[in-house]
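This report refers to the structure that appears directly beneath it.
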Amino acid sequence: MLDLSTKASSLLPIVGLTGGIGSGKSTVAKIFASLGVPVYHADEAAKELYIQDQSLKQWIIDAFGEGVGNFADGALVGINREKLAQIVFNDEDLLQKLNQEVHPRVKSAFHRWLEIQSRNPISPYVIREAAILFESRTDQDCDYIIAVEAPVQLRIQRASDHLKITPEAVESRIKNQWTDAERANKANHIISNSTHDPLLEQTLKIHHQILETLS
């Protein structure tokens, strides 16, 4: 286990929480939040950028065409993420092009959030939840990493039901993410989230281990 107490910074330690689509990492994040740990949802932050960041929205339209834009009275008000996903998750180069534009913006937003959390901490650490923590290289900012894993077929079923997309669409996204084995190789702890796994018990155990390390 890493010694998080040696972090030479006034900022709180960062615990990365990752897992492929349908793994259940969002459920794990909710458990940490219920324990009083602030959670930054990187995927949700990216979605907000598609609504609020005008320069990003315009870049996406210029790069992928007006067909991925949502317009009102001729003004660009947002990005149709479903149409954008249909394009980028079927073309690795285009996905990388998009990520190179989005990831730095999400990273900047996270660090602003981290500074705020660190001023008046309610917890000795924070969670950074991100599906593509390793792919975006934001794992390099983390002091500790937890990976959530589940059987691929179960993940496909979960994601298809939750996102209201086809199993084939889920599979195309899985192909653009690291495998459970790759994530496990670089994580400090693994949480197994199959049908009958004790999710709460596993999460509590890791939480207490992190607290012990920090103390």
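Residue numbering restarts at 1 in every chain; chains get A, B, ... in the order shown in the structure tokens, and ligands count up from 1 in that same order.
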
Apply DSSP to the backbone of this structure and, from segment 3-198 of chain A, keep only the residues in alpha helix (DSSP H); write these as a PDB file with C-alpha atoms, in the first residue's frame.
ATOM      1  CA  LYS A  25     -17.830   2.172 -10.281  1.00  0.00           C
ATOM      2  CA  SER A  26     -20.559   4.816  -9.945  1.00  0.00           C
ATOM      3  CA  THR A  27     -22.225   2.671  -7.282  1.00  0.00           C
ATOM      4  CA  VAL A  28     -18.919   2.370  -5.448  1.00  0.00           C
ATOM      5  CA  ALA A  29     -18.503   6.143  -5.714  1.00  0.00           C
ATOM      6  CA  LYS A  30     -21.885   6.609  -4.027  1.00  0.00           C
ATOM      7  CA  ILE A  31     -20.737   4.432  -1.132  1.00  0.00           C
ATOM      8  CA  PHE A  32     -17.626   6.570  -0.672  1.00  0.00           C
ATOM      9  CA  ALA A  33     -19.788   9.710  -0.818  1.00  0.00           C
ATOM     10  CA  SER A  34     -22.067   8.269   1.876  1.00  0.00           C
ATOM     11  CA  ALA A  42     -14.836  13.178 -14.293  1.00  0.00           C
ATOM     12  CA  ASP A  43     -17.301  11.680 -16.784  1.00  0.00           C
ATOM     13  CA  GLU A  44     -20.087  13.968 -15.551  1.00  0.00           C
ATOM     14  CA  ALA A  45     -17.721  16.938 -15.697  1.00  0.00           C
ATOM     15  CA  ALA A  46     -17.023  16.161 -19.350  1.00  0.00           C
ATOM     16  CA  LYS A  47     -20.761  16.075 -20.054  1.00  0.00           C
ATOM     17  CA  GLU A  48     -21.115  19.514 -18.463  1.00  0.00           C
ATOM     18  CA  LEU A  49     -18.387  20.852 -20.732  1.00  0.00           C
ATOM     19  CA  TYR A  50     -20.448  19.789 -23.736  1.00  0.00           C
ATOM     20  CA  ILE A  51     -23.131  22.163 -22.460  1.00  0.00           C
ATOM     21  CA  GLN A  52     -21.208  25.042 -20.891  1.00  0.00           C
ATOM     22  CA  GLN A  54     -18.635  27.317 -25.842  1.00  0.00           C
ATOM     23  CA  SER A  55     -15.128  27.048 -27.293  1.00  0.00           C
ATOM     24  CA  LEU A  56     -15.187  23.253 -26.882  1.00  0.00           C
ATOM     25  CA  LYS A  57     -18.617  22.988 -28.464  1.00  0.00           C
ATOM     26  CA  GLN A  58     -17.476  25.018 -31.441  1.00  0.00           C
ATOM     27  CA  TRP A  59     -14.324  22.934 -31.775  1.00  0.00           C
ATOM     28  CA  ILE A  60     -16.428  19.753 -31.851  1.00  0.00           C
ATOM     29  CA  ILE A  61     -18.701  21.187 -34.555  1.00  0.00           C
ATOM     30  CA  ASP A  62     -15.684  22.217 -36.620  1.00  0.00           C
ATOM     31  CA  ALA A  63     -14.090  18.778 -36.170  1.00  0.00           C
ATOM     32  CA  PHE A  64     -17.123  16.504 -36.538  1.00  0.00           C
ATOM     33  CA  ARG A  81     -23.375  13.066 -27.258  1.00  0.00           C
ATOM     34  CA  GLU A  82     -25.140  10.020 -28.710  1.00  0.00           C
ATOM     35  CA  LYS A  83     -24.346  11.060 -32.283  1.00  0.00           C
ATOM     36  CA  LEU A  84     -20.822  12.023 -31.300  1.00  0.00           C
ATOM     37  CA  ALA A  85     -20.328   8.636 -29.635  1.00  0.00           C
ATOM     38  CA  GLN A  86     -21.489   6.830 -32.773  1.00  0.00           C
ATOM     39  CA  ILE A  87     -18.674   8.557 -34.646  1.00  0.00           C
ATOM     40  CA  VAL A  88     -15.750   8.383 -32.235  1.00  0.00           C
ATOM     41  CA  GLU A  92      -9.859   5.151 -32.684  1.00  0.00           C
ATOM     42  CA  ASP A  93      -8.094   8.132 -34.263  1.00  0.00           C
ATOM     43  CA  LEU A  94     -11.152  10.364 -33.942  1.00  0.00           C
ATOM     44  CA  LEU A  95     -11.679   9.255 -30.343  1.00  0.00           C
ATOM     45  CA  GLN A  96      -8.087  10.161 -29.529  1.00  0.00           C
ATOM     46  CA  LYS A  97      -8.532  13.515 -31.261  1.00  0.00           C
ATOM     47  CA  LEU A  98     -11.596  14.277 -29.141  1.00  0.00           C
ATOM     48  CA  ASN A  99      -9.964  13.103 -25.910  1.00  0.00           C
ATOM     49  CA  GLN A 100      -6.929  15.306 -26.502  1.00  0.00           C
ATOM     50  CA  GLU A 101      -9.255  18.309 -26.530  1.00  0.00           C
ATOM     51  CA  VAL A 102     -11.540  17.289 -23.655  1.00  0.00           C
ATOM     52  CA  HIS A 103      -9.157  15.731 -21.111  1.00  0.00           C
ATOM     53  CA  PRO A 104      -7.056  18.856 -20.367  1.00  0.00           C
ATOM     54  CA  ARG A 105     -10.257  20.820 -19.714  1.00  0.00           C
ATOM     55  CA  VAL A 106     -11.587  18.176 -17.324  1.00  0.00           C
ATOM     56  CA  LYS A 107      -8.204  18.037 -15.585  1.00  0.00           C
ATOM     57  CA  SER A 108      -8.204  21.806 -15.056  1.00  0.00           C
ATOM     58  CA  ALA A 109     -11.746  21.693 -13.679  1.00  0.00           C
ATOM     59  CA  PHE A 110     -10.754  18.888 -11.307  1.00  0.00           C
ATOM     60  CA  HIS A 111      -7.806  20.785  -9.889  1.00  0.00           C
ATOM     61  CA  ARG A 112      -9.981  23.833  -9.244  1.00  0.00           C
ATOM     62  CA  TRP A 113     -12.397  21.529  -7.401  1.00  0.00           C
ATOM     63  CA  LEU A 114      -9.529  19.895  -5.465  1.00  0.00           C
ATOM     64  CA  GLU A 115      -8.242  23.280  -4.305  1.00  0.00           C
ATOM     65  CA  ILE A 116     -11.689  24.128  -2.955  1.00  0.00           C
ATOM     66  CA  GLN A 117     -12.002  20.771  -1.164  1.00  0.00           C
ATOM     67  CA  SER A 118      -8.531  21.169   0.347  1.00  0.00           C
ATOM     68  CA  ARG A 119      -9.228  24.564   1.931  1.00  0.00           C
ATOM     69  CA  VAL A 152     -17.782  -8.470 -19.536  1.00  0.00           C
ATOM     70  CA  GLN A 153     -21.191  -9.918 -20.382  1.00  0.00           C
ATOM     71  CA  LEU A 154     -22.631  -8.549 -17.146  1.00  0.00           C
ATOM     72  CA  ARG A 155     -21.110  -5.151 -17.908  1.00  0.00           C
ATOM     73  CA  ILE A 156     -22.653  -5.175 -21.372  1.00  0.00           C
ATOM     74  CA  GLN A 157     -26.076  -5.983 -19.947  1.00  0.00           C
ATOM     75  CA  ARG A 158     -25.837  -3.333 -17.238  1.00  0.00           C
ATOM     76  CA  ALA A 159     -24.641  -0.585 -19.559  1.00  0.00           C
ATOM     77  CA  SER A 160     -27.138  -1.427 -22.279  1.00  0.00           C
ATOM     78  CA  ASP A 161     -30.028  -1.267 -19.813  1.00  0.00           C
ATOM     79  CA  HIS A 162     -28.783   1.890 -18.074  1.00  0.00           C
ATOM     80  CA  LEU A 163     -27.780   3.892 -21.146  1.00  0.00           C
ATOM     81  CA  PRO A 167     -25.190  -4.271 -26.666  1.00  0.00           C
ATOM     82  CA  GLU A 168     -23.140  -3.709 -29.824  1.00  0.00           C
ATOM     83  CA  ALA A 169     -22.721  -0.041 -28.933  1.00  0.00           C
ATOM     84  CA  VAL A 170     -21.534  -1.013 -25.461  1.00  0.00           C
ATOM     85  CA  GLU A 171     -19.049  -3.484 -26.924  1.00  0.00           C
ATOM     86  CA  SER A 172     -17.585  -0.772 -29.176  1.00  0.00           C
ATOM     87  CA  ARG A 173     -16.952   1.370 -26.109  1.00  0.00           C
ATOM     88  CA  ILE A 174     -15.406  -1.516 -24.201  1.00  0.00           C
ATOM     89  CA  ASP A 180      -9.968  -5.360 -16.303  1.00  0.00           C
ATOM     90  CA  ALA A 181      -6.627  -7.165 -16.274  1.00  0.00           C
ATOM     91  CA  GLU A 182      -4.752  -4.069 -17.444  1.00  0.00           C
ATOM     92  CA  ARG A 183      -6.424  -1.900 -14.811  1.00  0.00           C
ATOM     93  CA  ALA A 184      -5.825  -4.494 -12.086  1.00  0.00           C
ATOM     94  CA  ASN A 185      -2.129  -4.571 -12.936  1.00  0.00           C
ATOM     95  CA  LYS A 186      -1.761  -0.887 -12.034  1.00  0.00           C
TER      96      LYS A 186
END

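Between atom CA of Val148 of chain A and atom CA of Ala131 of chain A the interatomic distance comes to 9.8 Å.
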
Restricting the calculation to only C-alpha atoms, which member of A:Ala130, A:Val68, A:Ile146, A:Leu35 is positioned closest to Ser192 of chain A?
-> A:Ile146

Residues at most 8 Å from Val126 of chain A, counting only C-alpha atoms, excluding those fewer than 4 positions away in the same chain, as a PyMOL selection string?
-> chain A and resi 12-15+37-40+114

Can I get the selection written as a PDB file, in the first residue's frame, with N, CA, C and O atoms?
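The new file selection05.pdb reads:
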ATOM      1  N   LEU A  12      -5.293  17.825  -0.762  1.00  0.00           N
ATOM      2  CA  LEU A  12      -5.665  16.510  -0.251  1.00  0.00           C
ATOM      3  C   LEU A  12      -5.173  15.404  -1.174  1.00  0.00           C
ATOM      4  O   LEU A  12      -5.092  15.589  -2.397  1.00  0.00           O
ATOM      5  N   PRO A  13      -4.850  14.233  -0.619  1.00  0.00           N
ATOM      6  CA  PRO A  13      -4.492  13.085  -1.455  1.00  0.00           C
ATOM      7  C   PRO A  13      -5.652  12.714  -2.380  1.00  0.00           C
ATOM      8  O   PRO A  13      -6.827  12.868  -2.018  1.00  0.00           O
ATOM      9  N   ILE A  14      -5.301  12.210  -3.545  1.00  0.00           N
ATOM     10  CA  ILE A  14      -6.298  11.834  -4.560  1.00  0.00           C
ATOM     11  C   ILE A  14      -6.340  10.323  -4.686  1.00  0.00           C
ATOM     12  O   ILE A  14      -5.311   9.682  -4.941  1.00  0.00           O
ATOM     13  N   VAL A  15      -7.515   9.761  -4.515  1.00  0.00           N
ATOM     14  CA  VAL A  15      -7.721   8.330  -4.731  1.00  0.00           C
ATOM     15  C   VAL A  15      -8.490   8.164  -6.031  1.00  0.00           C
ATOM     16  O   VAL A  15      -9.635   8.599  -6.147  1.00  0.00           O
ATOM     17  N   VAL A  37     -16.736  11.137   1.920  1.00  0.00           N
ATOM     18  CA  VAL A  37     -15.594  11.404   1.055  1.00  0.00           C
ATOM     19  C   VAL A  37     -16.067  12.180  -0.177  1.00  0.00           C
ATOM     20  O   VAL A  37     -16.937  11.700  -0.906  1.00  0.00           O
ATOM     21  N   PRO A  38     -15.527  13.370  -0.439  1.00  0.00           N
ATOM     22  CA  PRO A  38     -15.916  14.116  -1.639  1.00  0.00           C
ATOM     23  C   PRO A  38     -15.542  13.345  -2.897  1.00  0.00           C
ATOM     24  O   PRO A  38     -14.438  12.794  -2.993  1.00  0.00           O
ATOM     25  N   VAL A  39     -16.453  13.295  -3.842  1.00  0.00           N
ATOM     26  CA  VAL A  39     -16.224  12.546  -5.081  1.00  0.00           C
ATOM     27  C   VAL A  39     -16.347  13.480  -6.283  1.00  0.00           C
ATOM     28  O   VAL A  39     -17.341  14.204  -6.420  1.00  0.00           O
ATOM     29  N   TYR A  40     -15.331  13.467  -7.119  1.00  0.00           N
ATOM     30  CA  TYR A  40     -15.355  14.222  -8.377  1.00  0.00           C
ATOM     31  C   TYR A  40     -15.635  13.241  -9.501  1.00  0.00           C
ATOM     32  O   TYR A  40     -14.876  12.287  -9.709  1.00  0.00           O
ATOM     33  N   LEU A 114     -10.406  20.433  -6.508  1.00  0.00           N
ATOM     34  CA  LEU A 114      -9.529  19.895  -5.465  1.00  0.00           C
ATOM     35  C   LEU A 114      -9.034  21.010  -4.550  1.00  0.00           C
ATOM     36  O   LEU A 114      -8.961  20.831  -3.328  1.00  0.00           O
TER      37      LEU A 114
END

Have a look at atom CA of Gly16 of chain A and atom CA of Leu199 of chain A and let me know their distance in Å, one decimal.
->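 Calculated distance between atom CA of Gly16 of chain A and atom CA of Leu199 of chain A is 17.3 Å.
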
Atomic separation - atom CA of Gln177 of chain A relative to atom CA of Ile206 of chain A, Å |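 Answer for the atom CA of Ile206 of chain A to atom CA of Gln177 of chain A separation: 24.4 Å.
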